[in-house]
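Asks: Sending over coords_7.txt (compact mmCIF, C-alpha atoms).
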# COMPACT_ATOMS: atom_id res chain seq x y z
CA MET A 1 -4.30 29.91 -2.79
CA SER A 2 -1.21 30.96 -0.84
CA ALA A 3 2.17 31.24 -2.52
CA VAL A 4 3.46 28.19 -0.59
CA ALA A 5 0.51 26.05 -1.67
CA HIS A 6 0.85 27.29 -5.26
CA ASP A 7 4.55 26.40 -5.35
CA LEU A 8 3.85 23.00 -3.85
CA ALA A 9 1.11 22.27 -6.40
CA HIS A 10 3.28 23.42 -9.32
CA ASP A 11 6.44 21.62 -8.21
CA GLY A 12 4.52 18.55 -7.10
CA THR A 13 2.93 18.25 -10.54
CA ALA A 14 6.36 18.44 -12.16
CA MET A 15 7.65 15.70 -9.86
CA LEU A 16 4.54 13.63 -10.57
CA VAL A 17 5.22 13.80 -14.30
CA ARG A 18 8.82 12.81 -13.67
CA GLN A 19 7.77 9.75 -11.69
CA LEU A 20 5.27 8.65 -14.35
CA GLN A 21 7.92 8.99 -17.07
CA ARG A 22 10.28 6.99 -14.90
CA LEU A 23 7.73 4.17 -14.66
CA ARG A 24 7.11 4.31 -18.41
CA ASN A 25 10.83 3.81 -18.98
CA ASN A 26 10.85 0.80 -16.66
CA PRO A 27 7.98 -1.36 -18.02
CA GLY A 28 9.33 -4.55 -16.44
CA LEU A 29 8.78 -3.24 -12.93
CA LEU A 30 5.36 -1.93 -13.89
CA ILE A 31 4.29 -5.27 -15.38
CA LEU A 32 5.56 -7.17 -12.33
CA THR A 33 3.69 -4.98 -9.86
CA GLN A 34 0.48 -5.30 -11.89
CA THR A 35 0.61 -9.07 -12.48
CA MET A 36 1.81 -10.22 -9.05
CA PRO A 37 -1.55 -9.65 -7.27
CA VAL A 38 -3.38 -11.57 -10.02
CA THR A 39 -0.89 -14.44 -9.74
CA MET A 40 -1.33 -14.52 -5.97
CA LEU A 41 -5.12 -14.52 -6.31
CA LEU A 42 -5.04 -17.54 -8.60
CA PHE A 43 -2.47 -19.38 -6.49
CA PHE A 44 -3.95 -18.69 -3.05
CA GLY A 45 -7.53 -18.96 -4.30
CA TYR A 46 -7.18 -22.38 -5.84
CA VAL A 47 -4.44 -23.92 -3.67
CA PHE A 48 -5.27 -22.60 -0.20
CA GLY A 49 -8.99 -22.55 -0.90
CA SER A 50 -9.05 -26.31 -1.20
CA ALA A 51 -7.38 -26.68 2.22
CA LEU A 52 -9.71 -24.41 4.24
CA ALA A 53 -13.19 -24.95 5.57
CA MET A 54 -14.55 -22.38 3.09
CA PRO A 55 -15.55 -23.74 -0.33
CA GLY A 56 -13.29 -22.56 -3.14
CA GLU A 57 -15.50 -19.80 -4.56
CA GLU A 58 -16.43 -18.54 -1.09
CA TYR A 59 -12.76 -18.37 -0.12
CA ARG A 60 -11.87 -16.48 -3.29
CA ALA A 61 -14.59 -13.93 -2.49
CA PHE A 62 -13.07 -13.66 0.99
CA LEU A 63 -9.55 -13.40 -0.45
CA VAL A 64 -10.01 -10.63 -3.03
CA PRO A 65 -10.36 -7.76 -0.48
CA GLY A 66 -7.43 -9.17 1.50
CA LEU A 67 -5.17 -9.22 -1.55
CA LEU A 68 -6.26 -5.71 -2.49
CA VAL A 69 -5.12 -4.50 0.92
CA ALA A 70 -1.94 -6.59 0.87
CA THR A 71 -1.12 -4.98 -2.49
CA ALA A 72 -1.84 -1.54 -1.05
CA ALA A 73 0.53 -2.29 1.84
CA ASN A 74 3.24 -2.92 -0.75
CA GLY A 75 3.36 0.85 -1.14
CA LEU A 76 5.85 0.58 1.70
CA MET A 77 8.14 -1.57 -0.43
CA THR A 78 7.85 0.37 -3.70
CA GLY A 79 8.13 3.74 -1.97
CA MET A 80 11.22 2.62 -0.11
CA PHE A 81 12.95 1.16 -3.15
CA GLN A 82 12.32 4.15 -5.42
CA ALA A 83 13.38 6.71 -2.80
CA ALA A 84 16.51 4.71 -1.95
CA GLN A 85 17.34 4.27 -5.62
CA ASP A 86 17.13 8.00 -6.32
CA THR A 87 19.21 8.76 -3.23
CA HIS A 88 21.83 6.12 -3.97
CA ARG A 89 22.28 7.32 -7.56
CA GLY A 90 22.55 10.98 -6.60
CA VAL A 91 19.25 12.03 -8.18
CA THR A 92 17.86 13.26 -4.87
CA ASP A 93 20.94 15.44 -4.26
CA ARG A 94 20.54 17.03 -7.70
CA LEU A 95 16.84 17.67 -7.12
CA ARG A 96 17.63 19.20 -3.74
CA THR A 97 19.81 21.85 -5.43
CA LEU A 98 16.89 23.05 -7.56
CA PRO A 99 14.47 25.79 -6.44
CA VAL A 100 11.77 23.19 -5.75
CA SER A 101 9.46 22.90 -2.74
CA ARG A 102 10.96 20.42 -0.28
CA ALA A 103 7.67 18.55 -0.01
CA ALA A 104 7.16 18.34 -3.80
CA VAL A 105 9.58 15.48 -4.52
CA PRO A 106 8.19 12.93 -2.04
CA LEU A 107 4.66 14.13 -2.78
CA GLY A 108 5.13 13.59 -6.51
CA GLN A 109 6.38 10.06 -5.87
CA ALA A 110 3.45 9.24 -3.58
CA VAL A 111 0.82 10.60 -5.96
CA ALA A 112 2.37 8.84 -8.99
CA ASP A 113 2.31 5.58 -7.05
CA LEU A 114 -1.33 6.21 -6.18
CA LEU A 115 -2.30 6.68 -9.83
CA VAL A 116 -0.49 3.51 -10.90
CA THR A 117 -2.16 1.58 -8.08
CA ALA A 118 -5.60 2.82 -9.11
CA ALA A 119 -4.98 1.72 -12.70
CA GLY A 120 -3.67 -1.65 -11.53
CA MET A 121 -6.83 -2.34 -9.55
CA VAL A 122 -8.89 -2.65 -12.73
CA PRO A 123 -7.39 -5.89 -14.17
CA PHE A 124 -7.20 -7.39 -10.68
CA LEU A 125 -10.89 -6.76 -10.01
CA LEU A 126 -11.81 -8.18 -13.42
CA VAL A 127 -9.93 -11.38 -12.59
CA GLY A 128 -11.63 -11.38 -9.19
CA LEU A 129 -15.03 -11.24 -10.90
CA ALA A 130 -13.98 -14.09 -13.17
CA VAL A 131 -13.11 -16.36 -10.21
CA GLY A 132 -16.33 -15.73 -8.31
CA TRP A 133 -15.91 -12.52 -6.31
CA ARG A 134 -18.79 -10.04 -6.39
CA MET A 135 -19.58 -6.60 -5.00
CA GLU A 136 -22.56 -7.60 -2.88
CA GLY A 137 -23.00 -4.21 -1.19
CA SER A 138 -24.17 -0.85 -2.47
CA ALA A 139 -22.42 1.26 -5.10
CA LEU A 140 -21.73 3.88 -2.43
CA GLY A 141 -20.15 1.24 -0.20
CA ALA A 142 -17.99 0.00 -3.08
CA ALA A 143 -16.83 3.55 -3.84
CA GLY A 144 -15.99 4.03 -0.18
CA ALA A 145 -13.99 0.79 -0.20
CA VAL A 146 -11.93 1.92 -3.19
CA GLY A 147 -11.32 5.33 -1.63
CA LEU A 148 -10.24 3.76 1.66
CA LEU A 149 -7.93 1.37 -0.15
CA LEU A 150 -6.22 4.20 -2.05
CA LEU A 151 -5.88 6.25 1.14
CA PHE A 152 -4.14 3.30 2.81
CA ARG A 153 -1.80 2.91 -0.18
CA PHE A 154 -0.99 6.62 0.01
CA ALA A 155 -0.15 6.30 3.72
CA THR A 156 2.07 3.24 3.28
CA THR A 157 3.93 4.90 0.40
CA TRP A 158 4.95 7.75 2.71
CA ILE A 159 6.34 5.20 5.17
CA GLY A 160 8.36 3.70 2.34
CA VAL A 161 9.62 7.07 1.13
CA PHE A 162 10.90 7.92 4.60
CA LEU A 163 12.62 4.54 5.04
CA GLY A 164 14.13 4.77 1.55
CA LEU A 165 15.57 8.21 2.29
CA LEU A 166 16.85 6.84 5.58
CA THR A 167 18.59 3.75 4.14
CA ARG A 168 20.01 5.62 1.10
CA ASN A 169 20.91 2.28 -0.51
CA GLU A 170 18.74 0.50 -3.05
CA GLU A 171 20.14 -2.95 -2.24
CA ALA A 172 19.41 -2.54 1.47
CA ALA A 173 15.99 -1.12 0.66
CA GLY A 174 15.23 -4.10 -1.57
CA GLN A 175 16.17 -6.56 1.18
CA LEU A 176 14.22 -4.66 3.82
CA GLY A 177 11.27 -4.27 1.47
CA GLY A 178 11.17 -8.02 0.90
CA ALA A 179 10.74 -8.50 4.64
CA THR A 180 7.46 -6.56 4.48
CA PHE A 181 5.91 -9.62 2.82
CA ILE A 182 5.29 -10.99 6.31
CA LEU A 183 2.96 -8.12 7.29
CA PRO A 184 -0.14 -9.46 5.44
CA LEU A 185 0.56 -12.91 6.88
CA LEU A 186 0.13 -11.42 10.38
CA SER A 187 -3.36 -10.16 9.54
CA ASN A 188 -6.75 -11.39 8.36
CA ALA A 189 -5.91 -10.77 4.69
CA TYR A 190 -5.62 -14.49 3.86
CA ILE A 191 -7.34 -16.31 6.73
CA PRO A 192 -9.84 -15.39 9.47
CA THR A 193 -8.23 -14.54 12.79
CA GLU A 194 -10.86 -16.26 14.95
CA GLY A 195 -8.91 -19.51 15.08
CA LEU A 196 -5.55 -17.97 16.00
CA PRO A 197 -4.08 -18.25 19.53
CA GLY A 198 -5.10 -15.36 21.79
CA TRP A 199 -1.87 -13.35 21.68
CA LEU A 200 -1.39 -13.88 17.95
CA ARG A 201 -4.99 -12.91 17.24
CA THR A 202 -4.44 -9.66 19.17
CA VAL A 203 -1.30 -8.89 17.15
CA ALA A 204 -3.10 -9.66 13.88
CA GLU A 205 -6.15 -7.56 14.70
CA TRP A 206 -4.07 -4.52 15.66
CA ASN A 207 -2.25 -4.79 12.35
CA PRO A 208 -3.58 -1.92 10.17
CA ILE A 209 -3.97 -4.36 7.28
CA SER A 210 -6.63 -6.26 9.27
CA ALA A 211 -8.72 -3.14 9.88
CA VAL A 212 -8.62 -2.08 6.22
CA THR A 213 -9.31 -5.62 5.00
CA THR A 214 -12.32 -5.95 7.30
CA ALA A 215 -13.58 -2.55 6.16
CA LEU A 216 -13.35 -3.59 2.50
CA ARG A 217 -15.13 -6.88 3.11
CA ASP A 218 -17.88 -5.03 4.95
CA LEU A 219 -18.23 -2.24 2.36
CA PHE A 220 -18.15 -4.68 -0.57
CA GLY A 221 -20.65 -6.91 1.26
CA ASN A 222 -18.37 -9.95 1.17
CA ALA A 223 -18.22 -10.79 4.89
CA PRO A 224 -19.68 -9.40 8.13
CA VAL A 225 -17.58 -7.68 10.77
CA PRO A 226 -16.35 -10.43 13.16
CA GLU A 227 -17.64 -10.37 16.72
CA GLY A 228 -15.36 -10.06 19.72
CA ALA A 229 -12.50 -8.58 17.72
CA ALA A 230 -10.11 -5.79 18.77
CA TRP A 231 -11.41 -2.24 18.34
CA PRO A 232 -9.88 -1.49 14.88
CA VAL A 233 -11.46 -4.65 13.43
CA ALA A 234 -14.75 -4.35 15.36
CA HIS A 235 -15.10 -0.79 13.96
CA PRO A 236 -13.24 -1.29 10.67
CA VAL A 237 -14.02 1.93 8.80
CA ALA A 238 -13.26 4.16 11.79
CA GLY A 239 -10.25 2.00 12.66
CA SER A 240 -8.90 2.22 9.09
CA LEU A 241 -9.32 5.98 8.93
CA ALA A 242 -7.64 6.32 12.31
CA TRP A 243 -4.68 4.20 11.21
CA CYS A 244 -4.29 6.17 7.96
CA ALA A 245 -4.48 9.48 9.82
CA VAL A 246 -1.81 8.38 12.32
CA LEU A 247 0.52 7.04 9.62
CA LEU A 248 0.21 10.20 7.50
CA ALA A 249 0.61 12.50 10.51
CA VAL A 250 3.81 10.71 11.51
CA PHE A 251 5.52 9.85 8.23
CA VAL A 252 4.70 12.80 5.94
CA PRO A 253 6.63 15.26 8.15
CA LEU A 254 9.40 12.72 8.74
CA ALA A 255 9.83 12.09 4.99
CA VAL A 256 9.78 15.78 4.07
CA ARG A 257 12.24 16.63 6.87
CA ARG A 258 14.54 13.77 5.88
CA TYR A 259 14.50 14.86 2.23
CA ALA A 260 15.25 18.47 3.18
CA ARG A 261 18.14 17.50 5.49
CA GLY A 262 19.93 15.22 3.05
CA GLU A 263 22.90 13.41 4.59
CA ASP A 264 22.96 15.56 7.74
Please render this file's structure as structure tokens.
Replies:
Amino acid sequence: MSAVAHDLAHDGTAMLVRQLQRLRNNPGLLILTQTMPVTMLLFFGYVFGSALAMPGEEYRAFLVPGLLVATAANGLMTGMFQAAQDTHRGVTDRLRTLPVSRAAVPLGQAVADLLVTAAGMVPFLLVGLAVGWRMEGSALGAAGAVGLLLLFRFATTWIGVFLGLLTRNEEAAGQLGGATFILPLLSNAYIPTEGLPGWLRTVAEWNPISAVTTALRDLFGNAPVPEGAAWPVAHPVAGSLAWCAVLLAVFVPLAVRRYARGED
């Protein structure tokens, strides 16, 4: 292992521990982020399910992968708020004065968020099983679905970290983060896109959330890949990996560079 990689691993672990301690000291936020997906599953599953052509249990099986991906996309909101909060309160400036790898601080935040997300999936999936969702595919497919979901969360967190460092204000980050709620609505997370108008269907199917949601439904065995869809949805696993690769390639360097530059 090179000296640079060693320093990054050492400093990144220290920043990871810091982020986990920070979450432990803020249990309200942790509880909210863990219970919100369950609340949405029960609300959407029993209220919207009665208004769609799908029977209730069938819709809830359709909905669970969509809510998993919508929750993963919230990495954008949590990453943005935490980075902006640290910057606004001067924590980032203090960390920048330490002999710490410039990539370690945003990396520690992203990895801590990933661990919390993985833990939060467990109660959500248990509730999903209770309301009728099942893993109909193979164990290997289910493992691939979980891995893809966590990769997408990791990618969206880096977007949030960059935007949080850019805004430098936790109030502005909170308002901007709230606007991200619309992203799952412009996808197939909650409803199929087949019935949407042509232009809106195109927008929804090129939304990364749609590709990842379709991949999860396919890997879990909950729904087949729709015919006649845009390329990322017609080839959901490849499309999801491509989206994650693009997002990481763009926003990891941007976030690290923004952190290193500070207010310049």
Asks: Taking all atoms listed in the file into account, name the residue in A:Val116, A:Leu126, A:Val233, A:Leu68 that is nearest to Ile31 in chain A.
Replies: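 Once distances to Ile31 in chain A are computed over all atoms listed in the file, the minimum belongs to A:Val116.
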Asks: List as a tab-separated table every residue of range 68-173 of chain A that is in contact with range 40-46 of chain A, defined as an atom at most 10 Å from one of its atoms (using all atoms listed in the file), together with the nearest atom pair and the distance in Å rounded to one decimal, sorted by chain and then rising number.
Replies:
residue	atom	partner	partner_atom	distance
A:Leu68	CA	A:Leu41	CA	9.7
A:Phe124	CA	A:Leu41	CA	8.6
A:Val127	CA	A:Leu41	CA	8.5
A:Gly128	CA	A:Leu41	CA	7.8
A:Val131	CA	A:Leu42	CA	8.3
Asks: Could you write out that same residue set with C-alpha atoms as a PDB file, keeping the file's coordinate frame?
Replies:
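And here is the file that came out, part.pdb:
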ATOM      1  CA  LEU A  68      -6.260  -5.710  -2.490  1.00  0.00           C
ATOM      2  CA  PHE A 124      -7.200  -7.390 -10.680  1.00  0.00           C
ATOM      3  CA  VAL A 127      -9.930 -11.380 -12.590  1.00  0.00           C
ATOM      4  CA  GLY A 128     -11.630 -11.380  -9.190  1.00  0.00           C
ATOM      5  CA  VAL A 131     -13.110 -16.360 -10.210  1.00  0.00           C
TER       6      VAL A 131
END
Asks: Considering all atoms listed in the file, return as a PyMOL selection string whatever protein or nucleic-acid residues lie within 10 Å of range 255-261 of chain A, sequence-local ones (same chain, fewer than 6 positions apart) excluded.
Replies: chain A and resi 83+87+92-93+96+101-107+158-166
Asks: Compile the contact shell of Gln19 in chain A as a PyMOL selection string: residues with an atom at most 9 Å away, counting only C-alpha atoms, same-chain residues fewer than 2 positions apart removed.
Replies: chain A and resi 14-17+21-24+108-109+112-113
Asks: What does the distance between CA of Ala173 in chain A and CA of Ala84 in chain A come to in Å, to one decimal place?
Replies: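 Atom-to-atom, CA of Ala173 in chain A to CA of Ala84 in chain A, that is 6.4 Å.
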Asks: Residues of range 76-123 of chain A that have any atom at most 10 Å from an atom of range 152-155 of chain A: could you tabulate them with the shortest-distance atom pair and the distance in Å to one decimal, using all atoms listed in the file, ordered by chain and increasing number, as a Markdown table?
Replies:
| residue | atom | partner | partner_atom | distance |
| --- | --- | --- | --- | --- |
| A:Leu76 | CA | A:Arg153 | CA | 8.2 |
| A:Gly79 | CA | A:Phe154 | CA | 9.8 |
| A:Leu107 | CA | A:Phe154 | CA | 9.8 |
| A:Ala110 | CA | A:Phe154 | CA | 6.3 |
| A:Val111 | CA | A:Phe154 | CA | 7.4 |
| A:Ala112 | CA | A:Phe154 | CA | 9.9 |
| A:Asp113 | CA | A:Phe154 | CA | 7.9 |
| A:Leu114 | CA | A:Phe154 | CA | 6.2 |
| A:Leu115 | CA | A:Phe154 | CA | 9.9 |
| A:Thr117 | CA | A:Arg153 | CA | 8.0 |
| A:Ala118 | CA | A:Arg153 | CA | 9.7 |
Asks: Could you turn the residues from that selection into a file that holds C-alpha atoms, as a tab-separated table (two decimals), in the frame of the given file?
Replies:
chain	number	residue	atom	x	y	z
A	76	LEU	CA	5.85	0.58	1.70
A	79	GLY	CA	8.13	3.74	-1.97
A	107	LEU	CA	4.66	14.13	-2.78
A	110	ALA	CA	3.45	9.24	-3.58
A	111	VAL	CA	0.82	10.60	-5.96
A	112	ALA	CA	2.37	8.84	-8.99
A	113	ASP	CA	2.31	5.58	-7.05
A	114	LEU	CA	-1.33	6.21	-6.18
A	115	LEU	CA	-2.30	6.68	-9.83
A	117	THR	CA	-2.16	1.58	-8.08
A	118	ALA	CA	-5.60	2.82	-9.11
Asks: Mind pulling up the distance from CA of Asn222 in chain A to CA of Ala61 in chain A?
Replies: 6.6 Å
Asks: I'd like to know which of A:Leu125, A:Leu185, A:Val91, A:Ile191 is closest to Arg168 in chain A, using all atoms listed in the file.
Replies: A:Val91
Asks: Just the number, please: distance in Å from CA of Leu67 in chain A to CA of Ala189 in chain A, one decimal.
Replies: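 Computing the Euclidean distance for CA of Leu67 in chain A and CA of Ala189 in chain A yields 6.5 Å.
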Asks: If you count only C-alpha atoms, which residues fall within 12 Å of Phe181 in chain A, apart from same-chain ones fewer than 5 positions away, as an MDAnalysis selection string?
Replies: chainID A and resid 67 70:77 174:176 186:187
Asks: Quick one: of A:Leu247, A:Leu98, A:Leu63, A:Leu241, who's nearest to Val212 in chain A, counting only C-alpha atoms?
Replies: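 The answer is A:Leu241, which sits nearest to Val212 in chain A.
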Asks: Given all atoms listed in the file as the basis, pick out the residue of A:Ala5, A:Gly12, A:Trp243, A:Met36 nearest to Leu151 in chain A.
Replies: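 Closest candidate: A:Trp243.
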Asks: With distances taken over all atoms listed in the file, which residue among A:Val38, A:Leu149, A:Leu248, A:Ala242 lies nearest Pro123 in chain A?
Replies: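 Of the candidates, the smallest distance to Pro123 in chain A is held by A:Val38.
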Asks: With distances taken over all atoms listed in the file, which residue among A:Leu254, A:Leu150, A:Ala172, A:Ala229 lies nearest Asn188 in chain A?
Replies: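 Of all the options, A:Ala229 lies closest to Asn188 in chain A.
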Asks: Around all listed atoms of range 150-156 of chain A, padded 3 Å per side, what centre and edge lengths does the axis-aligned box have in Å to one decimal, as lines of an AutoDock Vina configuration file?
Replies:
center_x = -2.1
center_y = 4.8
center_z = 0.8
size_x = 14.3
size_y = 9.7
size_z = 11.8
